[in-house]
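Right, one structure below, let's go through it.
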Amino acid sequence: MRFQAAVLRSYEGPFAVEHVTLPPEPAAGEILVEIAGCGMCRTDLAVRRSAGRSPLPAVLGHEGAGVVVRTGGGPDTAIGVGDHVVLSFDSCGHCRNCLRAAPAYCDSFAALNLFGGRREDPPRLTDAAGRTLAPRWFGQSSFAEYALVPARNAVRVDPELPLELLGPLGCGFLTGAGAVLNTFALGPGDTLLVLGAGAVGLAAVMAATAAGALTLAVDRHPQRLDLAARFGAIPLPSTTPGLPERIRRLTDGGAAYALDTTASPALINDALLALRPLGVLGLVARLHTPLPLDPGTLDRGRSIRHLCEGDAVPGLLIPLLTGLWQTGRFPFDQLIRTYPLADVNEAERDCDAGRVVKPVLLPNRGSP
């Protein structure tokens with residue numbers, strides 16, 4: 001079958017909306033999804049800085065949502081034609097961590113999601129000239145009108161929900177909210193410090209507010225701090241003098257938990273110093289430089305760990321988040337700006353410039 005997709009052909013060049021081709025029928029355990037909307041994530045854009053580790057040309061996109069139009073059957077395909085689904089990250093389903101309900105730490109996570117797929121999972125997409133494109137990105141490649149995905153990646157959702165806006169629940173919003181609700185298990189009376197009020201950080205703020213926790217948000221952009229305040233956080237500019245001491249005063253001795261989305265060594269050190277004894281700092285951004293730690297940052301039982309995909313089981317967390325949205329307690333839609341697929345490069349520029357928190361591409365909507 002032939003349809004349009006945004007293809008990235010070089011690490012420095014723009015996306016090109018082209019016709020691509022997929023096999024006409026899904027294999028066993030796969031589903032074909034007509035994409036209603038796909039979020040643009042910083043991980044998609046990081047391919048440009050991957051030093052060749054992510055093969056090109058490729059169709060990116062890993063926050064897709066849409067309607068199932070075909071299934072390949074098989075024992076693992078419980079999803080049927082006509083179902084509305086949110087697509088999340090890929091996992092093998094049978095390694096030790098998958099069996100322990102920790103699919104974000106799947107033994108094959110990098111191979112399945114980041115680095116072009118396994119040898120037994122060959123490329124499916126070809127371009128208009130018949131040339132092979134890279135294997136599907138995060139099991140999806142959903143910057144496109146259609147995506148052929150493992151049924152394991154898909155989470156069925158209520159057809160009454162605004163499907164075109166739900167894709168970011170499969171990664172960015174899932175990561176921030178999952179850190180709060182899964183990793184930290186925040187509840188009333190807990191305190192959370194969020195560093196970076198982008199899509200992941202603001203999702204964490206919303207989830208912490210829904211959980212009844214006291215939340216502080218640090219960012220350098222006043223408009224992002226305004227959003228954090230709207231969603232229930234105490235806003236703090238990253239330039240605040242004596243930031244750790246200020247946080248400790250506001251939290252009666254220090255925050256119990258902190259979530260860093262910035263990968264800034266200076267802010268990470270500030271966060272550790274702002275934690276109370278036994279406090280935990282979670283990192284979600286990939287560090288690209290060594291992380292020097294100041295004296296005293298890990299004293300008194302403080303700890304630091306990297307989190308992947310909010311420690312989430314997507315089939316459990318995504319329905320929880322849509323339920324919170326329906327009750328007005330997780331208003332993620334307020335972070336979204338939509339773009340037709342043809343405007344993918346404008347969406348990337350707006351994302352890089354901080355003019356939009358979460359761009360969402362709509363493959364079946366033309367430019368105005």
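Residue numbering restarts at 1 in every chain; chains get A, B, ... in the order shown in the structure tokens, and ligands count up from 1 in that same order.
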
message: For the strand (DSSP E or B) assignment from backbone DSSP, which residues of stretch 128-324 of chain A qualify? Please present them as number ranges by chain.
response: A: 132, 144, 146-150, 154-157, 191-195, 214-219, 234-237, 255-260, 275-283, 303-306

Contacts between stretch 326-337 of chain A and stretch 95-187 of chain A, please, where a residue of stretch 95-187 of chain A counts if it comes within 10 Å (with only C-alpha atoms); show its shortest atom pair and distance in Å to one decimal, rows by chain and ascending number, as a Markdown table.
```
| residue | atom | partner | partner_atom | distance |
| --- | --- | --- | --- | --- |
| A:Leu161 | CA | A:Gln326 | CA | 8.6 |
| A:Pro162 | CA | A:Asp333 | CA | 9.4 |
| A:Leu165 | CA | A:Asp333 | CA | 6.8 |
| A:Leu166 | CA | A:Asp333 | CA | 8.4 |
| A:Pro168 | CA | A:Phe332 | CA | 8.9 |
| A:Leu169 | CA | A:Phe332 | CA | 8.7 |
| A:Phe173 | CA | A:Phe332 | CA | 7.7 |
| A:Ala177 | CA | A:Phe330 | CA | 9.3 |
```

- prompt: Could you write out, as a ChimeraX atom specification, all the residues of stretch 156-364 of chain A that DSSP marks as alpha helix (DSSP H)?
  reply: /A:172-178,199-211,222-230,243-250,265-273,314-326,344-353

- prompt: Which residue gives the smallest distance to A:Val17 among A:Val59, A:Phe109, A:Ser88, A:Ala256, with only C-alpha atoms counted?
  reply: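 Among the listed residues, A:Val59 lies closest to A:Val17.
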
message: Give me the residues near A:Pro237 as a list of chain:residue names, where near means some atom within 8 Å (using only C-alpha atoms) and where sequence neighbours in that chain fewer than 5 positions away do not count.
response: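 Result of the neighbour search: A:Val218, A:Asp219, A:Arg220, A:His221, A:Pro222, A:Leu225.
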
Do a neighbour search on A:Gly72 at 7 Å with only C-alpha atoms, toss out local chain neighbours closer than 2 positions, and write the hits as a compact mmCIF listing (two decimals) with all heavy atoms, in the first residue's frame.
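Wrote it out as selection_0.txt, contents follow:
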```txt
# COMPACT_ATOMS: atom_id res chain seq x y z
N GLU A 25 -0.37 -6.54 3.84
CA GLU A 25 -1.00 -7.23 4.95
C GLU A 25 -0.06 -7.30 6.14
O GLU A 25 1.13 -7.58 5.98
CB GLU A 25 -1.43 -8.65 4.56
CG GLU A 25 -2.49 -8.71 3.48
CD GLU A 25 -3.82 -8.10 3.92
OE1 GLU A 25 -4.08 -8.08 5.14
OE2 GLU A 25 -4.57 -7.63 3.05
N PRO A 26 -0.57 -7.07 7.36
CA PRO A 26 0.27 -7.24 8.55
C PRO A 26 0.64 -8.71 8.74
O PRO A 26 -0.13 -9.62 8.39
CB PRO A 26 -0.64 -6.76 9.69
CG PRO A 26 -1.75 -6.01 9.03
CD PRO A 26 -1.92 -6.62 7.68
N ALA A 27 1.80 -8.93 9.33
CA ALA A 27 2.19 -10.29 9.71
C ALA A 27 1.48 -10.67 11.01
O ALA A 27 0.84 -9.83 11.66
CB ALA A 27 3.71 -10.35 9.89
N ALA A 28 1.58 -11.93 11.39
CA ALA A 28 0.99 -12.38 12.66
C ALA A 28 1.55 -11.54 13.80
O ALA A 28 2.75 -11.30 13.88
CB ALA A 28 1.29 -13.86 12.89
N GLY A 29 0.65 -11.07 14.67
CA GLY A 29 1.06 -10.26 15.80
C GLY A 29 1.21 -8.79 15.48
O GLY A 29 1.62 -8.02 16.35
N GLU A 30 0.89 -8.37 14.26
CA GLU A 30 0.99 -6.98 13.87
C GLU A 30 -0.38 -6.39 13.57
O GLU A 30 -1.34 -7.12 13.28
CB GLU A 30 1.87 -6.82 12.62
CG GLU A 30 3.32 -7.14 12.83
CD GLU A 30 4.14 -6.91 11.57
OE1 GLU A 30 3.58 -7.05 10.46
OE2 GLU A 30 5.34 -6.62 11.69
N ILE A 31 -0.45 -5.07 13.60
CA ILE A 31 -1.66 -4.35 13.21
C ILE A 31 -1.27 -3.19 12.30
O ILE A 31 -0.18 -2.63 12.42
CB ILE A 31 -2.46 -3.82 14.41
CG1 ILE A 31 -1.59 -2.93 15.31
CG2 ILE A 31 -3.06 -4.97 15.21
CD1 ILE A 31 -2.33 -2.29 16.48
N ARG A 70 -6.33 -3.02 9.79
CA ARG A 70 -6.10 -4.44 9.47
C ARG A 70 -5.32 -5.07 10.63
O ARG A 70 -4.56 -4.40 11.31
CB ARG A 70 -5.29 -4.61 8.18
CG ARG A 70 -6.01 -4.16 6.92
CD ARG A 70 -5.11 -4.32 5.71
NE ARG A 70 -5.68 -3.65 4.55
CZ ARG A 70 -5.02 -3.36 3.44
NH1 ARG A 70 -3.74 -3.68 3.34
NH2 ARG A 70 -5.61 -2.73 2.43
N GLY A 74 -3.12 -13.92 15.12
CA GLY A 74 -2.13 -14.52 16.00
C GLY A 74 -2.55 -14.41 17.45
O GLY A 74 -3.40 -13.59 17.81
```

message: Need to verify the contact set: A:Cys106, 8 Å, only C-alpha atoms, exclusion of same-chain residues closer than 4 positions in sequence. Can you return it as a list in words?
response: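 Result of the neighbour search: Ser91, Cys92, Gly93, Cys95, Arg96, Asn97, Cys98 and Ala102 of chain A.
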